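Engineer: Got a structure for you, data-v6.pdb, holding PDB, C-alpha atoms.
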```pdb
ATOM      1  CA  MET A   1       0.000   0.000   0.000
ATOM      2  CA  THR A   2       2.843   2.376   0.806
ATOM      3  CA  TRP A   3       4.453   1.755  -2.566
ATOM      4  CA  SER A   4       1.194   2.539  -4.450
ATOM      5  CA  VAL A   5       0.584   5.731  -2.450
ATOM      6  CA  SER A   6       4.161   6.816  -3.110
ATOM      7  CA  SER A   7       3.844   5.961  -6.798
ATOM      8  CA  CYS A   8       0.590   7.898  -7.032
ATOM      9  CA  PHE A   9       2.137  10.910  -5.289
ATOM     10  CA  ILE A  10       5.143  10.897  -7.654
ATOM     11  CA  SER A  11       2.803  10.676 -10.648
ATOM     12  CA  LEU A  12       0.806  13.644  -9.382
ATOM     13  CA  VAL A  13       3.983  15.688  -8.867
ATOM     14  CA  VAL A  14       5.155  14.889 -12.409
ATOM     15  CA  LEU A  15       1.747  15.838 -13.847
ATOM     16  CA  PHE A  16       1.715  19.066 -11.854
ATOM     17  CA  LEU A  17       5.210  20.037 -13.040
ATOM     18  CA  TRP A  18       4.250  19.213 -16.610
ATOM     19  CA  GLN A  19       1.202  21.504 -16.344
ATOM     20  CA  VAL A  20       3.319  24.291 -14.814
ATOM     21  CA  ASP A  21       5.679  23.981 -17.791
ATOM     22  CA  GLU A  22       2.711  24.214 -20.186
ATOM     23  CA  ILE A  23       1.394  27.297 -18.372
ATOM     24  CA  SER A  24       4.800  28.954 -18.486
ATOM     25  CA  GLU A  25       4.743  28.678 -22.285
ATOM     26  CA  ALA A  26       1.402  30.473 -22.519
ATOM     27  CA  CYS A  27       1.132  33.987 -23.888
ATOM     28  CA  THR A  28       1.680  36.335 -20.961
ATOM     29  CA  CYS A  29       1.043  39.795 -22.344
ATOM     30  CA  MET A  30      -1.867  42.028 -21.468
ATOM     31  CA  THR A  31      -4.197  41.102 -24.324
ATOM     32  CA  VAL A  32      -6.612  43.974 -23.802
ATOM     33  CA  LEU A  33      -5.526  47.349 -25.099
ATOM     34  CA  HIS A  34      -7.325  50.553 -25.892
ATOM     35  CA  PRO A  35      -6.624  51.189 -29.601
ATOM     36  CA  GLN A  36      -4.632  54.312 -28.661
ATOM     37  CA  GLN A  37      -2.334  52.169 -26.475
ATOM     38  CA  GLY A  38      -1.807  49.772 -29.375
ATOM     39  CA  PHE A  39      -0.949  52.712 -31.620
ATOM     40  CA  CYS A  40       1.422  54.372 -29.159
ATOM     41  CA  ASN A  41       3.228  51.146 -28.175
ATOM     42  CA  ALA A  42       3.869  50.124 -31.794
ATOM     43  CA  ASP A  43       6.807  50.859 -34.078
ATOM     44  CA  VAL A  44       4.572  50.363 -37.118
ATOM     45  CA  VAL A  45       0.831  50.870 -37.603
ATOM     46  CA  ILE A  46      -0.645  49.956 -40.993
ATOM     47  CA  ARG A  47      -3.835  48.995 -42.735
ATOM     48  CA  ALA A  48      -3.220  45.981 -44.952
ATOM     49  CA  LYS A  49      -4.890  43.061 -46.657
ATOM     50  CA  VAL A  50      -3.583  39.546 -46.014
ATOM     51  CA  VAL A  51      -2.813  37.906 -49.380
ATOM     52  CA  GLY A  52      -0.673  34.874 -48.519
ATOM     53  CA  LEU A  53       0.621  32.572 -45.809
ATOM     54  CA  ASN A  54       3.931  30.748 -45.215
ATOM     55  CA  VAL A  55       4.315  28.617 -42.086
ATOM     56  CA  GLY A  56       7.754  27.909 -40.646
ATOM     57  CA  SER A  57       9.463  28.564 -37.333
ATOM     58  CA  ASN A  58       7.507  31.833 -37.465
ATOM     59  CA  THR A  59       4.351  32.350 -39.493
ATOM     60  CA  LYS A  60       4.753  34.833 -42.335
ATOM     61  CA  TYR A  61       1.672  36.543 -43.727
ATOM     62  CA  ASP A  62       2.185  38.229 -47.088
ATOM     63  CA  ILE A  63       0.248  41.483 -47.133
ATOM     64  CA  LYS A  64      -0.709  44.279 -49.453
ATOM     65  CA  GLN A  65      -0.219  47.520 -47.531
ATOM     66  CA  ILE A  66      -3.060  49.979 -48.001
ATOM     67  CA  LYS A  67      -2.002  52.802 -45.658
ATOM     68  CA  MET A  68       0.877  53.549 -43.308
ATOM     69  CA  PHE A  69      -0.201  55.426 -40.158
ATOM     70  CA  LYS A  70       3.078  55.147 -38.272
ATOM     71  CA  GLY A  71       6.414  53.670 -39.180
ATOM     72  CA  PRO A  72       9.251  53.645 -41.674
ATOM     73  CA  ASP A  73       9.130  55.395 -45.009
ATOM     74  CA  ARG A  74       8.751  52.175 -46.978
ATOM     75  CA  VAL A  75       6.115  49.647 -47.918
ATOM     76  CA  ILE A  76       5.703  46.620 -45.658
ATOM     77  CA  HIS A  77       5.168  43.410 -47.688
ATOM     78  CA  ALA A  78       4.830  40.867 -44.864
ATOM     79  CA  VAL A  79       4.048  40.552 -41.173
ATOM     80  CA  PHE A  80       5.556  37.830 -39.021
ATOM     81  CA  THR A  81       4.096  36.230 -35.908
ATOM     82  CA  ALA A  82       4.800  33.290 -33.633
ATOM     83  CA  SER A  83       3.473  30.011 -35.027
ATOM     84  CA  SER A  84       1.455  29.267 -31.894
ATOM     85  CA  PRO A  85      -1.166  31.228 -29.952
ATOM     86  CA  ALA A  86       0.567  29.988 -26.784
ATOM     87  CA  ALA A  87       3.596  32.024 -27.896
ATOM     88  CA  CYS A  88       1.352  35.070 -28.555
ATOM     89  CA  GLY A  89       1.009  34.375 -32.284
ATOM     90  CA  VAL A  90      -1.999  35.778 -34.126
ATOM     91  CA  THR A  91      -4.146  33.900 -36.622
ATOM     92  CA  LEU A  92      -5.265  35.936 -39.621
ATOM     93  CA  GLN A  93      -7.617  35.275 -42.521
ATOM     94  CA  ILE A  94      -6.492  35.446 -46.145
ATOM     95  CA  ASN A  95      -8.203  38.199 -48.211
ATOM     96  CA  LYS A  96      -9.214  40.138 -45.103
ATOM     97  CA  GLU A  97      -8.102  43.689 -44.205
ATOM     98  CA  TYR A  98      -6.628  44.409 -40.783
ATOM     99  CA  LEU A  99      -5.234  47.213 -38.710
ATOM    100  CA  PHE A 100      -1.795  45.948 -37.667
ATOM    101  CA  THR A 101       0.239  47.384 -34.809
ATOM    102  CA  GLY A 102       3.646  45.802 -34.504
ATOM    103  CA  LYS A 103       7.329  45.983 -33.744
ATOM    104  CA  LEU A 104      10.209  46.263 -36.199
ATOM    105  CA  VAL A 105      12.934  43.699 -35.601
ATOM    106  CA  THR A 106      15.840  43.607 -38.055
ATOM    107  CA  GLY A 107      13.668  45.218 -40.716
ATOM    108  CA  ARG A 108      10.739  42.825 -40.314
ATOM    109  CA  MET A 109       7.355  43.713 -38.857
ATOM    110  CA  TYR A 110       6.225  41.385 -36.072
ATOM    111  CA  VAL A 111       2.669  41.273 -34.732
ATOM    112  CA  SER A 112       1.405  39.462 -31.652
ATOM    113  CA  GLN A 113      -1.530  39.153 -29.304
ATOM    114  CA  CYS A 114       0.217  41.848 -27.253
ATOM    115  CA  GLY A 115      -0.562  44.446 -29.926
ATOM    116  CA  TYR A 116      -3.820  45.793 -31.283
ATOM    117  CA  ASN A 117      -4.463  43.831 -34.488
ATOM    118  CA  MET A 118      -8.100  44.035 -35.510
ATOM    119  CA  PRO A 119     -10.119  43.365 -38.637
ATOM    120  CA  TRP A 120     -10.510  46.745 -40.348
ATOM    121  CA  GLU A 121     -14.280  46.288 -40.589
ATOM    122  CA  ASP A 122     -14.525  45.975 -36.781
ATOM    123  CA  LEU A 123     -13.112  49.470 -36.164
ATOM    124  CA  SER A 124     -15.496  52.364 -35.598
ATOM    125  CA  ALA A 125     -15.428  55.425 -37.855
ATOM    126  CA  THR A 126     -13.906  57.428 -34.971
ATOM    127  CA  GLN A 127     -11.145  54.851 -34.452
ATOM    128  CA  LYS A 128     -10.263  54.948 -38.153
ATOM    129  CA  LYS A 129     -10.106  58.760 -38.112
ATOM    130  CA  SER A 130      -8.079  58.793 -34.869
ATOM    131  CA  LEU A 131      -5.281  56.807 -36.515
ATOM    132  CA  THR A 132      -4.232  59.823 -38.584
ATOM    133  CA  HIS A 133      -3.611  62.281 -35.721
ATOM    134  CA  ARG A 134      -5.561  61.941 -32.464
ATOM    135  CA  TYR A 135      -3.911  58.794 -31.105
ATOM    136  CA  GLN A 136      -0.418  60.160 -31.800
ATOM    137  CA  SER A 137      -1.211  63.422 -30.005
ATOM    138  CA  GLY A 138      -2.090  61.446 -26.872
ATOM    139  CA  CYS A 139       0.951  59.176 -26.685
ATOM    140  CA  ASP A 140       2.292  61.188 -23.720
ATOM    141  CA  CYS A 141      -0.846  60.272 -21.771
ATOM    142  CA  LYS A 142      -1.393  57.023 -19.856
ATOM    143  CA  ILE A 143      -4.600  55.005 -20.141
ATOM    144  CA  ILE A 144      -5.414  53.235 -16.873
ATOM    145  CA  ARG A 145      -7.792  50.280 -17.245
ATOM    146  CA  CYS A 146     -10.448  50.175 -14.522
ATOM    147  CA  THR A 147     -12.116  46.799 -13.898
ATOM    148  CA  SER A 148     -13.646  47.461 -10.469
ATOM    149  CA  LEU A 149     -14.249  50.454  -8.246
ATOM    150  CA  PRO A 150     -12.523  52.360  -6.788
ATOM    151  CA  CYS A 151     -10.091  53.189  -9.586
ATOM    152  CA  PRO A 152      -7.868  56.040  -8.516
ATOM    153  CA  ILE A 153      -6.001  58.242 -10.913
ATOM    154  CA  SER A 154      -2.595  59.014  -9.456
ATOM    155  CA  ALA A 155      -1.321  61.619 -11.937
ATOM    156  CA  PRO A 156      -2.809  64.341 -14.153
ATOM    157  CA  ASP A 157      -1.451  62.632 -17.293
ATOM    158  CA  GLU A 158      -3.774  59.622 -16.805
ATOM    159  CA  CYS A 159      -7.181  58.811 -18.300
ATOM    160  CA  LEU A 160      -9.374  56.252 -16.563
ATOM    161  CA  TRP A 161     -10.687  53.611 -19.013
ATOM    162  CA  THR A 162     -13.997  52.550 -17.468
ATOM    163  CA  ASP A 163     -15.526  50.538 -20.333
ATOM    164  CA  TRP A 164     -14.716  47.415 -18.279
ATOM    165  CA  LEU A 165     -17.065  48.427 -15.464
ATOM    166  CA  SER A 166     -20.045  47.866 -17.788
ATOM    167  CA  ASN A 167     -18.512  44.767 -19.429
ATOM    168  CA  TYR A 168     -18.140  46.594 -22.745
ATOM    169  CA  GLY A 169     -14.383  46.085 -22.892
ATOM    170  CA  GLN A 170     -12.851  46.972 -26.235
ATOM    171  CA  SER A 171     -16.278  47.609 -27.733
ATOM    172  CA  GLY A 172     -17.222  50.236 -25.147
ATOM    173  CA  PRO A 173     -17.807  53.920 -25.810
ATOM    174  CA  GLN A 174     -14.345  55.067 -24.685
ATOM    175  CA  ALA A 175     -12.574  52.520 -26.899
ATOM    176  CA  GLN A 176     -14.875  53.147 -29.863
ATOM    177  CA  ASN A 177     -15.232  56.933 -29.721
ATOM    178  CA  LEU A 178     -12.569  58.610 -27.575
ATOM    179  CA  ALA A 179      -8.852  59.259 -27.310
ATOM    180  CA  CYS A 180      -6.903  60.303 -24.227
ATOM    181  CA  ILE A 181      -5.488  63.676 -25.290
ATOM    182  CA  LYS A 182      -3.052  66.038 -23.573
ATOM    183  CA  ARG A 183      -4.623  69.414 -22.725
ATOM    184  CA  ARG A 184      -2.866  72.771 -22.737
ATOM    185  CA  ASP A 185      -2.289  72.614 -18.968
ATOM    186  CA  GLY A 186      -0.396  69.308 -19.371
ATOM    187  CA  SER A 187      -3.159  67.112 -17.965
ATOM    188  CA  CYS A 188      -4.891  64.439 -20.052
ATOM    189  CA  ALA A 189      -8.607  63.891 -20.692
ATOM    190  CA  TRP A 190     -10.916  61.860 -22.922
ATOM    191  CA  LYS A 191     -11.957  63.752 -26.049
TER     192      LYS A 191
END
```
What does this structure look like when you write it as structure tokens?
Structural biologist:
Amino acid sequence: MTWSVSSCFISLVVLFLWQVDEISEACTCMTVLHPQQGFCNADVVIRAKVVGLNVGSNTKYDIKQIKMFKGPDRVIHAVFTASSPAACGVTLQINKEYLFTGKLVTGRMYVSQCGYNMPWEDLSATQKKSLTHRYQSGCDCKIIRCTSLPCPISAPDECLWTDWLSNYGQSGPQAQNLACIKRRDGSCAWK
């Protein structure tokens, strides 16, 4: 009986450690961003249509760039992402247009779940317009996500993102219609 209890305990420990290893490989970024945060955190922000796919150690999506909102003075022909969602890779559809926010690494644009990569058709008219100037003008401001009350603001350069209090999340009125903009006095506010 002692041997079977010991064997069972060892098996449970091995299974637990295996699960911890699996969890440690999971994507660990904050997956919920206000579109302005995605814009400000990115090296490159473009509108593009996915036209091809090549899977390897990283997934390469061939794209047709439609508009550059932020980034280098050249056309981007592909975006790269991790091959697995567990490694923060994104899955995209061929022949669909997206807003991509990504990082430049050795001349290549990388996108991940940590950015704001949305189907173009899912963006509101205000979000699309904000990509040309409003989001950039608020990059000195900080958006603080509020999920439960109280949510204190600790500095004048912060805007409180309260869409989460009503379970709207990224589809709430602040995400869809507002940007956190710096005012003349140096403080920030939703506009």
Engineer: Can you tell me, as a ChimeraX atom specification, which residues sit within 6 Å of (6.2, 34.6, -40.1) in the file's frame, using only C-alpha atoms?
Structural biologist: /A:58-60,80-81
Engineer: So how far away is CA of Gly38 (chain A) from CA of Val79 (chain A), in Å?
Structural biologist: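 Computing the Euclidean distance for CA of Val79 (chain A) and CA of Gly38 (chain A) yields 16.1 Å.
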Engineer: Tell me which of A:Leu131, A:Met109, A:Leu99, A:Cys146 sits closest to Val75 (chain A), counting only C-alpha atoms.
Structural biologist: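 Counting only C-alpha atoms, the residue closest to Val75 (chain A) is A:Met109.
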Engineer: For His77 (chain A), which of A:Lys96, A:Arg108, A:Lys103, A:Arg184 is the closest residue, counting all atoms listed in the file?
Structural biologist: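 Looking at the shortest contact to His77 (chain A), the residue is A:Arg108.
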Engineer: Applied to the shown file, which residues does the PyMOL selection byres ((chain A and resi 101) around 6) return, written as number ranges by chain?
Structural biologist: A: 42, 44-45, 100, 102, 115-117
Engineer: Using only C-alpha atoms, find the one residue out of A:Tyr98, A:Pro152, A:Arg145, A:Asp140 that sits nearest to Arg183 (chain A).
Structural biologist: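 Counting only C-alpha atoms, the residue closest to Arg183 (chain A) is A:Asp140.
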Engineer: For CA of Leu149 (chain A) and CA of Trp164 (chain A), quote the distance in Å rounded to one decimal.
Structural biologist: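 Between CA of Leu149 (chain A) and CA of Trp164 (chain A) the gap is 10.5 Å.
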Engineer: Enclose region 63-68 of chain A, meaning all of its atoms listed in the file, in a box aligned along x, y and z, pad it by 8 Å on each side, and list the centre and edge lengths in Å to one decimal, as JSON.
Structural biologist:
```
{"center_x": -1.1, "center_y": 47.5, "center_z": -46.4, "size_x": 19.9, "size_y": 28.1, "size_z": 22.1}
```
Engineer: Got a sec: who's within 6 Å of Cys188 (chain A), counting all atoms listed in the file, leaving out chain neighbours fewer than 4 positions off, as a PyMOL selection string?
Structural biologist: chain A and resi 157-158+181-183
Engineer: Which is closer to Ala82 (chain A) than all the others in A:Gln176, A:Gln36, A:Gln113, A:Ser148, using only C-alpha atoms?
Structural biologist: A:Gln113
Engineer: Show which residues sit within 8 Å of Arg47 (chain A), as a list in words. Count all atoms listed in the file, and ignore same-chain residues fewer than 5 positions away.
Structural biologist: Gln65, Ile66, Lys67, Met68, Phe69, Glu97, Tyr98, Leu99, Phe100 and Trp120 of chain A
Engineer: Just the number, please: distance in Å from CA of Ile143 (chain A) to CA of Gly71 (chain A), one decimal.
Structural biologist: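 Going from CA of Ile143 (chain A) over to CA of Gly71 (chain A) covers 22.0 Å.
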Engineer: What do you get, as a VMD selection string, if you spell out every residue that the PyMOL selection byres ((chain A and resi 64) around 8) selects here?
Structural biologist: chain A and resid 48 to 51 62 to 63 65 to 66 76 to 78
Engineer: The PyMOL selection byres ((chain A and resi 163) around 12) - which residues does that actually catch in the file I just gave you? List them as a list in words.
Structural biologist: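 That expression, the PyMOL selection byres ((chain A and resi 163) around 12), corresponds here to Val32, Leu33, His34, Ile143, Ile144, Arg145, Cys146, Thr147, Ser148, Cys159, Leu160, Trp161, Thr162, Trp164, Leu165, Ser166, Asn167, Tyr168, Gly169, Gln170, Ser171, Gly172, Pro173, Gln174, Ala175, Gln176, Asn177 and Leu178 of chain A.
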